[in-house]
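One structure is given here, and the rest of the page talks about it.
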Amino acid sequence: MTTTSTVRGRTTSGAAGTVADLLAPYVGGELPVHLTAWDGSTAGPTDAPKVILRSPQALRRLLWSPGELGAAQAYVTGEIDVDGDLNEALTHVWRVIGERNLSRIAITPTRVAQLVRAVSKLGVLGRPLPAPASQAVVKGKLHTLARDRAAISHHYDLSNDFYSMVLDPNMAYSSAYFTSDAPDYTLEQAQRDKLDMVCRKIGLDARPGMRFLDVGCGWGSLSLFAAAEYGAQVTGVTISKEQKAFIDARIAERGLGDRVEIRIQDYREIPDGPFDAVASIEMGEHVGQENYPTYTKALHDNVVEGGRVLIQQMSRKKGDNPGGGPFIEQFIAPDMFMRPVGETVAMIEESGLEVRDVHAMREHYVRTVDVWYDTFEKRWDDVVAMVGEETARVWRLYLVGGGMAFRDGRMGVDQILSVRPDARGRSSMPPVREF
């Protein structure tokens with residue numbers, strides 16, 4: 001069916017023209033992209049990023065899930081595509097949204113009815129399409145042990161080989177700390193600088209043999225570093241079987257079996273504290289709002305009096321989506337919860353820990369994600385061969401969106417250092433610290 005629409009006095013035809021007319025109220029007039037539809041029709045400025053509607057199913061997804069989720073579903077399935085760099089395209093669209101003050105436009109029943117009438121002209125009405133295979137499915141009561149394991153498994157058990165392709169050789173899946181702008185300074189060095197800073201902040205340099213608990217140890221970057229470089233006796237806990245298998249292999253390769261033990265264990269189940277020091281790197285986002293006091297109490301109870309606890313954690317501004325948005329919640333990290341860093345500090349102190357430092361590292365995460373994204377794109381064909389194109393598109397969207405959120409200040413990341421004072425309020429912290 002051929003349709004004709006008018007946008008800012010210009011007549012456009014075909015599916016692209018109908019879509020342009022449909023979106024005009026939401027984008028403040030002319031499309032911020034050059035759109036090509038499945039019937040070959042086009043709309044929008046020719047010098048804008050090029051977006052392709054490969055299938056009318058994309059509109060059906062947007063009809064049933066208006067906004068971010070429907071667009072993400074259509075992108076990961078290939079029903080919507082971008083001709084060119086996704087990062088540049090989304091950065092342009094986000095800038096237009098800001099300039100036109102479009103973020104507060106509500107999707108009302110009247111607008112939904114207009115949407116239905118418009119897409120009916122294109123013959124795309126129908127029942128909701130099945131969710132993409134890459135979309136998470138987690139069941140049960142929020143933040144029970146079983147549901148937390150399922151949520152973590154969805155993201156972290158994708159494949160050790162996959163993460164090895166994207167991350168640096170340390171397998172550190174968290175913000176690095178860049179201490180140099182030299183052109184030959186690598187992400188691997190920046191991650192080691194971050195790991196070294198963490199070890200010094202929690203006092204592992206005081207003496208060898210300190211008992212150190214790594215809560216949510218990932219692929220073991222901090223656990224292995226603390227044991228090898230500071231002689232710590234390390235216990236790392238994770239609920240990902242894939243991660244434990246990976247770390248156990250590295251422990252054997254590096255001869256650290258007498259210094260590192262990795263357990264499949266929830267932070268609520270650690271039986272053998274207290275330890276001399278505790279760290280938890282970008283794991284607190286996964287415990288949820290209601291369980292966060294349980295998490296901080298576990299950290300408090302598992303460190304000796306005078307011992308230090310370091311949490312590296314992402315944050316969101318007050319009023320922003322605490323789960324990161326529909327795409328993140330449905331495809332990447334189910335049940336994630338972030339809050340302003342000040343609220344996290346208050347909750348840490350409510351556990352009995354005393355916060356001593358808050359070290360903002362947002363710009364470091366921008367640089368970290370930039371390197372991950374560059375590596376990912378260079379190895380695109382290998383990624384697709386390993387995990388399939390749909391999952392690869394999920395990760396492309398995730399890396400681009402995450403990098404933008406840190407760059408634009410919608411997300412932050414901080415190292416929060418605290419100590420457990422003794423009964424008389426003594427912290428055992430040195431009055432002057434070099435780190």
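Ligands are numbered from 1 in the order shown, residues from 1 within each chain, and chains are lettered A, B, ... in the order they appear in the structure tokens.
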
**Q.** Spatial neighbours of Ile332 of chain A, 12 Å, only C-alpha atoms, chain gap at least 3 places, as an MDAnalysis selection string
**A.** chainID A and resid 72 134:138 151:158 286 323:329 335:336 391 393:399 401:402

Q) What's the 8 Å shell around Leu22 of chain A, counting only C-alpha atoms, without same-chain residues fewer than 4 positions away, as number ranges by chain? A) A: 18, 114-115, 118

Please produce an output containing N, CA and C atoms for each residue in the selection, written as a PDB file, in the first residue's frame.
ATOM      1  N   THR A  18       5.010   7.732   6.203  1.00  0.00           N
ATOM      2  CA  THR A  18       4.026   7.492   7.259  1.00  0.00           C
ATOM      3  C   THR A  18       4.688   7.494   8.636  1.00  0.00           C
ATOM      4  N   GLN A 114      -3.537   7.332  17.979  1.00  0.00           N
ATOM      5  CA  GLN A 114      -3.021   7.871  16.725  1.00  0.00           C
ATOM      6  C   GLN A 114      -2.009   6.922  16.106  1.00  0.00           C
ATOM      7  N   LEU A 115      -1.183   6.334  16.952  1.00  0.00           N
ATOM      8  CA  LEU A 115      -0.193   5.372  16.477  1.00  0.00           C
ATOM      9  C   LEU A 115      -0.880   4.169  15.831  1.00  0.00           C
ATOM     10  N   ALA A 118      -2.260   5.052  12.448  1.00  0.00           N
ATOM     11  CA  ALA A 118      -1.218   5.244  11.435  1.00  0.00           C
ATOM     12  C   ALA A 118      -0.626   3.924  10.975  1.00  0.00           C
TER      13      ALA A 118
END

Show which residues sit within 12 Å of Asp47 of chain A, as a PDB file with N, CA and C atoms, in the first residue's frame. Count only C-alpha atoms, and ignore same-chain residues fewer than 4 positions away.
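Writing the result to around_23.pdb gives the following:
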ATOM      1  N   LEU A  31      12.422  14.349  11.379  1.00  0.00           N
ATOM      2  CA  LEU A  31      13.185  13.244  11.950  1.00  0.00           C
ATOM      3  C   LEU A  31      14.637  13.650  12.182  1.00  0.00           C
ATOM      4  N   PRO A  32      15.244  13.199  13.261  1.00  0.00           N
ATOM      5  CA  PRO A  32      16.670  13.481  13.477  1.00  0.00           C
ATOM      6  C   PRO A  32      17.576  12.520  12.719  1.00  0.00           C
ATOM      7  N   VAL A  33      16.986  11.592  11.949  1.00  0.00           N
ATOM      8  CA  VAL A  33      17.747  10.605  11.188  1.00  0.00           C
ATOM      9  C   VAL A  33      17.206  10.566   9.760  1.00  0.00           C
ATOM     10  N   HIS A  34      17.987   9.986   8.867  1.00  0.00           N
ATOM     11  CA  HIS A  34      17.505   9.712   7.508  1.00  0.00           C
ATOM     12  C   HIS A  34      16.996   8.281   7.496  1.00  0.00           C
ATOM     13  N   LEU A  35      15.706   8.125   7.295  1.00  0.00           N
ATOM     14  CA  LEU A  35      15.053   6.833   7.436  1.00  0.00           C
ATOM     15  C   LEU A  35      14.795   6.204   6.072  1.00  0.00           C
ATOM     16  N   ALA A  43      12.766   9.167   4.246  1.00  0.00           N
ATOM     17  CA  ALA A  43      12.313  10.407   4.882  1.00  0.00           C
ATOM     18  C   ALA A  43      13.411  10.900   5.794  1.00  0.00           C
ATOM     19  N   VAL A  51      19.178   5.385   9.293  1.00  0.00           N
ATOM     20  CA  VAL A  51      18.483   4.309   9.983  1.00  0.00           C
ATOM     21  C   VAL A  51      17.628   3.554   8.972  1.00  0.00           C
ATOM     22  N   ALA A  89      25.472   7.580  15.734  1.00  0.00           N
ATOM     23  CA  ALA A  89      24.044   7.770  15.473  1.00  0.00           C
ATOM     24  C   ALA A  89      23.276   8.071  16.759  1.00  0.00           C
ATOM     25  N   HIS A  92      24.064  11.491  18.215  1.00  0.00           N
ATOM     26  CA  HIS A  92      23.344  12.544  17.480  1.00  0.00           C
ATOM     27  C   HIS A  92      21.880  12.615  17.912  1.00  0.00           C
TER      28      HIS A  92
END

Please build the interface table for segment 298-393 of chain A against segment 288-293 of chain A with a cut-off of 10 Å, listing for each qualifying residue the nearest atom pair and the distance in Å to one decimal; count only C-alpha atoms, order rows by chain and increasing number, and write it as CSV.
residue,atom,partner,partner_atom,distance
A:Ala298,CA,A:Pro293,CA,8.5
A:Leu299,CA,A:Pro293,CA,9.9
A:Pro322,CA,A:Gln289,CA,9.4
A:Gly323,CA,A:Gly288,CA,9.2
A:Asp335,CA,A:Gly288,CA,6.7
A:Met336,CA,A:Gly288,CA,6.2
A:Phe337,CA,A:Gly288,CA,5.1
A:Met338,CA,A:Gly288,CA,8.0
A:Arg339,CA,A:Gln289,CA,8.6
A:Thr344,CA,A:Tyr292,CA,8.8
A:Met347,CA,A:Pro293,CA,6.6
A:Ile348,CA,A:Pro293,CA,7.6
A:Glu349,CA,A:Pro293,CA,9.9
A:Glu350,CA,A:Pro293,CA,7.9
A:Ser351,CA,A:Pro293,CA,6.8

Any chance you could export the current selection's all heavy atoms as a short mmCIF file (atom, residue, chain, number, x, y, z; two decimals), in the first residue's frame?
data_model
loop_
_atom_site.label_atom_id
_atom_site.label_comp_id
_atom_site.auth_asym_id
_atom_site.auth_seq_id
_atom_site.Cartn_x
_atom_site.Cartn_y
_atom_site.Cartn_z
N ALA A 298 26.54 -7.56 55.75
CA ALA A 298 27.44 -8.70 55.50
C ALA A 298 28.88 -8.21 55.36
O ALA A 298 29.81 -8.86 55.86
CB ALA A 298 27.00 -9.44 54.25
N LEU A 299 29.08 -7.09 54.68
CA LEU A 299 30.43 -6.55 54.56
C LEU A 299 30.96 -6.12 55.93
O LEU A 299 32.12 -6.39 56.27
CB LEU A 299 30.44 -5.37 53.58
CG LEU A 299 29.95 -5.65 52.16
CD1 LEU A 299 30.11 -4.40 51.30
CD2 LEU A 299 30.69 -6.81 51.53
N PRO A 322 16.41 3.77 38.16
CA PRO A 322 17.43 3.13 39.00
C PRO A 322 17.91 1.80 38.48
O PRO A 322 18.97 1.32 38.88
CB PRO A 322 16.71 2.96 40.35
CG PRO A 322 15.26 2.90 40.00
CD PRO A 322 15.09 3.83 38.84
N GLY A 323 17.14 1.18 37.57
CA GLY A 323 17.59 -0.08 37.00
C GLY A 323 18.40 0.09 35.73
O GLY A 323 18.85 -0.89 35.16
N ASP A 335 17.07 -6.94 37.46
CA ASP A 335 16.99 -6.63 38.89
C ASP A 335 18.10 -5.71 39.38
O ASP A 335 18.28 -5.53 40.59
CB ASP A 335 16.99 -7.92 39.74
CG ASP A 335 15.87 -8.88 39.36
OD1 ASP A 335 14.88 -8.42 38.77
OD2 ASP A 335 16.01 -10.08 39.65
N MET A 336 18.87 -5.11 38.47
CA MET A 336 19.89 -4.15 38.90
C MET A 336 19.22 -2.93 39.54
O MET A 336 18.11 -2.54 39.15
CB MET A 336 20.73 -3.71 37.71
CG MET A 336 21.76 -2.62 38.03
SD MET A 336 22.71 -2.09 36.58
CE MET A 336 24.00 -3.33 36.61
N PHE A 337 19.91 -2.32 40.51
CA PHE A 337 19.38 -1.11 41.15
C PHE A 337 20.53 -0.18 41.46
O PHE A 337 21.51 -0.56 42.08
CB PHE A 337 18.62 -1.44 42.44
CG PHE A 337 17.83 -0.26 42.98
CD1 PHE A 337 16.48 -0.13 42.70
CD2 PHE A 337 18.45 0.73 43.73
CE1 PHE A 337 15.76 0.96 43.17
CE2 PHE A 337 17.74 1.82 44.20
CZ PHE A 337 16.38 1.93 43.93
N MET A 338 20.39 1.07 40.99
CA MET A 338 21.39 2.10 41.28
C MET A 338 20.69 3.31 41.90
O MET A 338 19.52 3.55 41.65
CB MET A 338 22.13 2.49 40.00
CG MET A 338 22.97 1.38 39.41
SD MET A 338 23.65 1.77 37.78
CE MET A 338 22.17 1.57 36.76
N ARG A 339 21.46 4.07 42.66
CA ARG A 339 20.92 5.24 43.34
C ARG A 339 21.99 6.33 43.39
O ARG A 339 23.16 6.06 43.08
CB ARG A 339 20.50 4.86 44.78
CG ARG A 339 21.69 4.48 45.66
CD ARG A 339 21.27 3.96 47.01
NE ARG A 339 20.67 2.63 46.91
CZ ARG A 339 21.38 1.50 46.79
NH1 ARG A 339 22.70 1.54 46.75
NH2 ARG A 339 20.78 0.35 46.71
N THR A 344 23.84 5.89 48.82
CA THR A 344 24.62 4.68 49.08
C THR A 344 25.54 4.89 50.29
O THR A 344 25.67 4.01 51.14
CB THR A 344 25.45 4.29 47.84
OG1 THR A 344 24.54 3.94 46.79
CG2 THR A 344 26.36 3.12 48.12
N MET A 347 23.59 4.48 53.44
CA MET A 347 23.24 3.09 53.74
C MET A 347 24.46 2.30 54.23
O MET A 347 24.33 1.43 55.08
CB MET A 347 22.63 2.45 52.49
CG MET A 347 21.34 3.10 52.06
SD MET A 347 20.66 2.44 50.51
CE MET A 347 19.82 0.98 51.12
N ILE A 348 25.63 2.62 53.70
CA ILE A 348 26.85 1.97 54.20
C ILE A 348 27.08 2.33 55.66
O ILE A 348 27.39 1.46 56.50
CB ILE A 348 28.06 2.38 53.33
CG1 ILE A 348 27.93 1.80 51.92
CG2 ILE A 348 29.37 1.94 53.96
CD1 ILE A 348 28.94 2.33 50.93
N GLU A 349 26.91 3.59 56.00
CA GLU A 349 27.15 4.01 57.38
C GLU A 349 26.10 3.47 58.33
O GLU A 349 26.39 3.22 59.51
CB GLU A 349 27.23 5.53 57.45
CG GLU A 349 28.45 6.09 56.71
CD GLU A 349 28.95 7.39 57.30
OE1 GLU A 349 28.10 8.26 57.58
OE2 GLU A 349 30.18 7.53 57.47
N GLU A 350 24.89 3.25 57.83
CA GLU A 350 23.85 2.66 58.68
C GLU A 350 24.21 1.24 59.11
O GLU A 350 23.70 0.75 60.13
CB GLU A 350 22.51 2.67 57.95
CG GLU A 350 21.88 4.06 57.86
CD GLU A 350 20.70 4.11 56.92
OE1 GLU A 350 20.31 3.04 56.39
OE2 GLU A 350 20.16 5.21 56.69
N SER A 351 25.10 0.58 58.37
CA SER A 351 25.51 -0.78 58.74
C SER A 351 26.51 -0.79 59.89
O SER A 351 26.81 -1.84 60.45
CB SER A 351 26.15 -1.46 57.53
OG SER A 351 27.45 -0.95 57.28
#

(Q) Env of Leu63 of chain A: 9 Å cut, atoms = only C-alpha atoms, seq-sep filter 5 positions within chain, self excluded. Answer as a PyMOL selection string. (A) chain A and resi 58+70+112+115-116+119+125+128

Q. Near Gly412 of chain A, counting only C-alpha atoms, which residues have an atom at most 10 Å away, once you skip same-chain residues fewer than 4 positions from it, shown as JSON, numbers by chain?
A. {"A": [313, 314, 315, 316, 317, 338, 339, 340, 341, 360, 361, 362, 363, 364, 365, 366, 405, 406, 407, 408]}

Could you write out that same residue set with N, CA and C atoms as a PDB file, in the first residue's frame?
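Result file is again_36.pdb:
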ATOM      1  N   GLN A 313      31.188   1.124  42.948  1.00  0.00           N
ATOM      2  CA  GLN A 313      29.788   0.935  42.574  1.00  0.00           C
ATOM      3  C   GLN A 313      29.303   2.045  41.661  1.00  0.00           C
ATOM      4  N   MET A 314      28.436   1.673  40.728  1.00  0.00           N
ATOM      5  CA  MET A 314      27.823   2.643  39.818  1.00  0.00           C
ATOM      6  C   MET A 314      26.662   3.358  40.506  1.00  0.00           C
ATOM      7  N   SER A 315      26.354   4.552  40.010  1.00  0.00           N
ATOM      8  CA  SER A 315      25.284   5.357  40.598  1.00  0.00           C
ATOM      9  C   SER A 315      24.441   5.980  39.494  1.00  0.00           C
ATOM     10  N   ARG A 316      23.245   6.414  39.882  1.00  0.00           N
ATOM     11  CA  ARG A 316      22.352   7.151  38.993  1.00  0.00           C
ATOM     12  C   ARG A 316      21.865   8.391  39.722  1.00  0.00           C
ATOM     13  N   LYS A 317      21.591   9.446  38.964  1.00  0.00           N
ATOM     14  CA  LYS A 317      21.035  10.645  39.569  1.00  0.00           C
ATOM     15  C   LYS A 317      19.629  10.369  40.088  1.00  0.00           C
ATOM     16  N   MET A 338      20.394   1.073  40.994  1.00  0.00           N
ATOM     17  CA  MET A 338      21.387   2.103  41.279  1.00  0.00           C
ATOM     18  C   MET A 338      20.692   3.310  41.899  1.00  0.00           C
ATOM     19  N   ARG A 339      21.463   4.071  42.662  1.00  0.00           N
ATOM     20  CA  ARG A 339      20.918   5.239  43.345  1.00  0.00           C
ATOM     21  C   ARG A 339      21.990   6.327  43.387  1.00  0.00           C
ATOM     22  N   PRO A 340      21.658   7.545  43.795  1.00  0.00           N
ATOM     23  CA  PRO A 340      22.688   8.569  43.968  1.00  0.00           C
ATOM     24  C   PRO A 340      23.743   8.122  44.977  1.00  0.00           C
ATOM     25  N   VAL A 341      24.982   8.501  44.741  1.00  0.00           N
ATOM     26  CA  VAL A 341      26.074   8.010  45.578  1.00  0.00           C
ATOM     27  C   VAL A 341      25.873   8.421  47.040  1.00  0.00           C
ATOM     28  N   ALA A 360      35.337   9.655  43.029  1.00  0.00           N
ATOM     29  CA  ALA A 360      34.567   9.602  41.791  1.00  0.00           C
ATOM     30  C   ALA A 360      35.477   9.235  40.621  1.00  0.00           C
ATOM     31  N   MET A 361      35.005   8.291  39.778  1.00  0.00           N
ATOM     32  CA  MET A 361      35.816   7.783  38.671  1.00  0.00           C
ATOM     33  C   MET A 361      35.038   7.757  37.356  1.00  0.00           C
ATOM     34  N   ARG A 362      34.035   8.623  37.218  1.00  0.00           N
ATOM     35  CA  ARG A 362      33.145   8.548  36.058  1.00  0.00           C
ATOM     36  C   ARG A 362      33.899   8.652  34.740  1.00  0.00           C
ATOM     37  N   GLU A 363      34.810   9.619  34.628  1.00  0.00           N
ATOM     38  CA  GLU A 363      35.537   9.787  33.373  1.00  0.00           C
ATOM     39  C   GLU A 363      36.403   8.570  33.048  1.00  0.00           C
ATOM     40  N   HIS A 364      36.868   7.874  34.079  1.00  0.00           N
ATOM     41  CA  HIS A 364      37.659   6.668  33.852  1.00  0.00           C
ATOM     42  C   HIS A 364      36.803   5.561  33.230  1.00  0.00           C
ATOM     43  N   TYR A 365      35.517   5.537  33.588  1.00  0.00           N
ATOM     44  CA  TYR A 365      34.649   4.524  32.988  1.00  0.00           C
ATOM     45  C   TYR A 365      34.394   4.839  31.512  1.00  0.00           C
ATOM     46  N   VAL A 366      34.310   6.116  31.169  1.00  0.00           N
ATOM     47  CA  VAL A 366      34.145   6.490  29.763  1.00  0.00           C
ATOM     48  C   VAL A 366      35.307   5.933  28.944  1.00  0.00           C
ATOM     49  N   ALA A 405      25.994   7.023  28.729  1.00  0.00           N
ATOM     50  CA  ALA A 405      25.446   7.369  30.047  1.00  0.00           C
ATOM     51  C   ALA A 405      26.532   7.912  30.971  1.00  0.00           C
ATOM     52  N   PHE A 406      27.720   7.301  30.945  1.00  0.00           N
ATOM     53  CA  PHE A 406      28.824   7.814  31.771  1.00  0.00           C
ATOM     54  C   PHE A 406      29.361   9.124  31.205  1.00  0.00           C
ATOM     55  N   ARG A 407      29.485   9.200  29.891  1.00  0.00           N
ATOM     56  CA  ARG A 407      29.998  10.420  29.272  1.00  0.00           C
ATOM     57  C   ARG A 407      29.111  11.624  29.571  1.00  0.00           C
ATOM     58  N   ASP A 408      27.791  11.423  29.524  1.00  0.00           N
ATOM     59  CA  ASP A 408      26.849  12.525  29.686  1.00  0.00           C
ATOM     60  C   ASP A 408      26.474  12.789  31.140  1.00  0.00           C
TER      61      ASP A 408
END

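Minimum distance to Glu68 of chain A across A:Gln189, A:Phe331, A:Gln233, A:Leu310 (counting only C-alpha atoms) occurs at A:Phe331.
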
Quick one: contact table of segment 307-348 of chain A to segment 207-212 of chain A, 12 Å max, nearest atom pair and distance in Å to one decimal per residue, counting only C-alpha atoms, chain and number order, as CSV?
residue,atom,partner,partner_atom,distance
A:Gly307,CA,A:Phe212,CA,10.1
A:Arg308,CA,A:Phe212,CA,10.1
A:Val309,CA,A:Phe212,CA,10.0
A:Leu310,CA,A:Phe212,CA,11.4

Do you know which residues are at most 12 Å from Thr235 of chain A counting only C-alpha atoms, after dropping those on the same chain fewer than 2 positions away, and could you put them as an mmCIF file with N, CA and C atoms, in the first residue's frame?
data_model
loop_
_atom_site.group_PDB
_atom_site.id
_atom_site.type_symbol
_atom_site.label_atom_id
_atom_site.label_comp_id
_atom_site.auth_asym_id
_atom_site.auth_seq_id
_atom_site.Cartn_x
_atom_site.Cartn_y
_atom_site.Cartn_z
ATOM 1 N N MET A 210 47.679 -11.150 54.894
ATOM 2 C CA MET A 210 46.395 -10.654 55.394
ATOM 3 C C MET A 210 45.254 -11.417 54.736
ATOM 4 N N ARG A 211 44.222 -11.733 55.522
ATOM 5 C CA ARG A 211 43.042 -12.415 54.983
ATOM 6 C C ARG A 211 42.141 -11.393 54.308
ATOM 7 N N PHE A 212 41.894 -11.634 53.028
ATOM 8 C CA PHE A 212 41.147 -10.677 52.203
ATOM 9 C C PHE A 212 39.947 -11.376 51.583
ATOM 10 N N LEU A 213 38.773 -10.741 51.697
ATOM 11 C CA LEU A 213 37.531 -11.258 51.128
ATOM 12 C C LEU A 213 37.140 -10.408 49.927
ATOM 13 N N ASP A 214 36.995 -11.049 48.768
ATOM 14 C CA ASP A 214 36.603 -10.387 47.524
ATOM 15 C C ASP A 214 35.168 -10.818 47.208
ATOM 16 N N VAL A 215 34.208 -9.920 47.455
ATOM 17 C CA VAL A 215 32.786 -10.240 47.328
ATOM 18 C C VAL A 215 32.310 -9.903 45.916
ATOM 19 N N GLY A 216 31.872 -10.935 45.198
ATOM 20 C CA GLY A 216 31.523 -10.762 43.800
ATOM 21 C C GLY A 216 32.792 -10.638 42.976
ATOM 22 N N CYS A 217 33.604 -11.679 42.984
ATOM 23 C CA CYS A 217 34.992 -11.593 42.522
ATOM 24 C C CYS A 217 35.134 -11.614 41.007
ATOM 25 N N GLY A 220 38.191 -12.854 38.745
ATOM 26 C CA GLY A 220 39.324 -13.019 39.635
ATOM 27 C C GLY A 220 40.444 -12.018 39.499
ATOM 28 N N LEU A 222 41.003 -9.036 40.831
ATOM 29 C CA LEU A 222 41.458 -8.504 42.110
ATOM 30 C C LEU A 222 41.974 -9.612 43.020
ATOM 31 N N SER A 223 41.288 -10.739 43.065
ATOM 32 C CA SER A 223 41.724 -11.844 43.924
ATOM 33 C C SER A 223 43.136 -12.297 43.560
ATOM 34 N N LEU A 224 43.376 -12.499 42.278
ATOM 35 C CA LEU A 224 44.680 -12.972 41.828
ATOM 36 C C LEU A 224 45.756 -11.914 42.029
ATOM 37 N N ALA A 226 45.780 -9.448 44.307
ATOM 38 C CA ALA A 226 46.063 -9.284 45.738
ATOM 39 C C ALA A 226 46.961 -10.401 46.253
ATOM 40 N N ALA A 227 46.749 -11.614 45.778
ATOM 41 C CA ALA A 227 47.564 -12.746 46.209
ATOM 42 C C ALA A 227 48.972 -12.661 45.636
ATOM 43 N N ALA A 232 48.455 -11.677 49.857
ATOM 44 C CA ALA A 232 47.245 -11.842 50.665
ATOM 45 C C ALA A 232 46.731 -13.274 50.578
ATOM 46 N N GLN A 233 46.049 -13.694 51.653
ATOM 47 C CA GLN A 233 45.303 -14.957 51.664
ATOM 48 C C GLN A 233 43.868 -14.618 51.274
ATOM 49 N N VAL A 237 34.267 -14.861 46.382
ATOM 50 C CA VAL A 237 32.960 -15.498 46.268
ATOM 51 C C VAL A 237 32.252 -14.980 45.023
ATOM 52 N N THR A 238 31.599 -15.897 44.316
ATOM 53 C CA THR A 238 30.808 -15.586 43.132
ATOM 54 C C THR A 238 29.661 -16.574 43.080
ATOM 55 N N LYS A 244 33.923 -19.097 38.292
ATOM 56 C CA LYS A 244 34.738 -19.923 39.169
ATOM 57 C C LYS A 244 35.644 -20.850 38.363
ATOM 58 N N ILE A 247 38.568 -18.796 37.024
ATOM 59 C CA ILE A 247 39.560 -18.400 38.024
ATOM 60 C C ILE A 247 40.346 -19.611 38.516
ATOM 61 N N LEU A 256 48.975 -20.360 42.512
ATOM 62 C CA LEU A 256 48.448 -19.598 43.656
ATOM 63 C C LEU A 256 47.449 -20.407 44.482
ATOM 64 N N GLY A 257 47.480 -21.734 44.334
ATOM 65 C CA GLY A 257 46.511 -22.570 45.033
ATOM 66 C C GLY A 257 46.588 -22.481 46.535
ATOM 67 N N ASP A 258 47.744 -22.110 47.077
ATOM 68 C CA ASP A 258 47.885 -21.999 48.524
ATOM 69 C C ASP A 258 47.457 -20.633 49.046
ATOM 70 N N ARG A 259 47.102 -19.710 48.137
ATOM 71 C CA ARG A 259 46.774 -18.352 48.564
ATOM 72 C C ARG A 259 45.383 -17.881 48.138
ATOM 73 N N VAL A 260 44.744 -18.566 47.189
ATOM 74 C CA VAL A 260 43.451 -18.112 46.685
ATOM 75 C C VAL A 260 42.458 -19.266 46.699
ATOM 76 N N GLU A 261 41.301 -19.025 47.295
ATOM 77 C CA GLU A 261 40.183 -19.964 47.251
ATOM 78 C C GLU A 261 38.973 -19.245 46.673
ATOM 79 N N ILE A 262 38.387 -19.820 45.647
ATOM 80 C CA ILE A 262 37.191 -19.245 45.028
ATOM 81 C C ILE A 262 36.009 -20.160 45.334
ATOM 82 N N ARG A 263 34.920 -19.573 45.796
ATOM 83 C CA ARG A 263 33.739 -20.341 46.177
ATOM 84 C C ARG A 263 32.508 -19.909 45.382
ATOM 85 N N ILE A 264 31.655 -20.865 45.084
ATOM 86 C CA ILE A 264 30.304 -20.549 44.626
ATOM 87 C C ILE A 264 29.500 -20.277 45.887
ATOM 88 N N GLN A 265 29.320 -19.003 46.169
ATOM 89 C CA GLN A 265 28.723 -18.646 47.461
ATOM 90 C C GLN A 265 28.112 -17.256 47.372
ATOM 91 N N TYR A 267 26.804 -13.683 48.975
ATOM 92 C CA TYR A 267 27.354 -12.819 50.029
ATOM 93 C C TYR A 267 26.641 -12.996 51.362
ATOM 94 N N ILE A 270 28.481 -16.346 53.757
ATOM 95 C CA ILE A 270 29.904 -16.477 54.091
ATOM 96 C C ILE A 270 30.044 -16.854 55.567
ATOM 97 N N PRO A 271 30.657 -18.010 55.885
ATOM 98 C CA PRO A 271 30.626 -18.509 57.253
ATOM 99 C C PRO A 271 31.879 -18.249 58.087
ATOM 100 N N ASP A 272 32.970 -17.791 57.462
ATOM 101 C CA ASP A 272 34.251 -17.843 58.159
ATOM 102 C C ASP A 272 34.915 -16.485 58.333
ATOM 103 N N GLY A 273 34.123 -15.418 58.416
ATOM 104 C CA GLY A 273 34.683 -14.111 58.730
ATOM 105 C C GLY A 273 34.943 -13.996 60.221
ATOM 106 N N PRO A 274 35.508 -12.903 60.689
ATOM 107 C CA PRO A 274 35.833 -11.722 59.891
ATOM 108 C C PRO A 274 37.204 -11.822 59.222
ATOM 109 N N PHE A 275 37.376 -11.056 58.149
ATOM 110 C CA PHE A 275 38.622 -10.980 57.407
ATOM 111 C C PHE A 275 39.332 -9.667 57.743
ATOM 112 N N ASP A 276 40.598 -9.574 57.364
ATOM 113 C CA ASP A 276 41.351 -8.350 57.641
ATOM 114 C C ASP A 276 40.914 -7.197 56.742
ATOM 115 N N ALA A 277 40.428 -7.516 55.559
ATOM 116 C CA ALA A 277 39.994 -6.483 54.618
ATOM 117 C C ALA A 277 38.965 -7.096 53.679
ATOM 118 N N VAL A 278 38.078 -6.234 53.145
ATOM 119 C CA VAL A 278 37.011 -6.677 52.246
ATOM 120 C C VAL A 278 36.904 -5.684 51.097
ATOM 121 N N ALA A 279 36.667 -6.200 49.905
ATOM 122 C CA ALA A 279 36.351 -5.335 48.760
ATOM 123 C C ALA A 279 35.222 -5.967 47.960
ATOM 124 N N SER A 280 34.451 -5.130 47.301
ATOM 125 C CA SER A 280 33.357 -5.592 46.448
ATOM 126 C C SER A 280 33.284 -4.633 45.270
ATOM 127 N N ASN A 302 31.859 -9.094 58.141
ATOM 128 C CA ASN A 302 32.946 -9.928 57.639
ATOM 129 C C ASN A 302 34.300 -9.230 57.637
#

Q: Just list the residues in segment 241-417 of chain A DSSP gives alpha helix (DSSP H) on the backbone, as a count of residues only.
A: 80

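Residue nearest Met404 of chain A within the list A:Arg127, A:His359, A:Arg367, A:Lys318: A:Arg367 [criterion: smallest interatomic distance, only C-alpha atoms].
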
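Within the 7 Å cut-off around Leu187 of chain A, using only C-alpha atoms and omitting residues fewer than 2 positions from it on the same chain, the listed residues are A:Asp168, A:Gln189, A:Ala190, A:Gln191, A:Thr368.
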
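The nearest approach to Thr36 of chain A among the residues A:Ala133, A:Leu122, A:Ala20, A:Val369, with only C-alpha atoms taken into account, belongs to A:Ala20.
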
Q) Hey, which of A:Phe225, A:Tyr295, A:Trp64, A:Trp372 ends up closest to Pro130 of chain A? Count only C-alpha atoms. A) A:Trp64
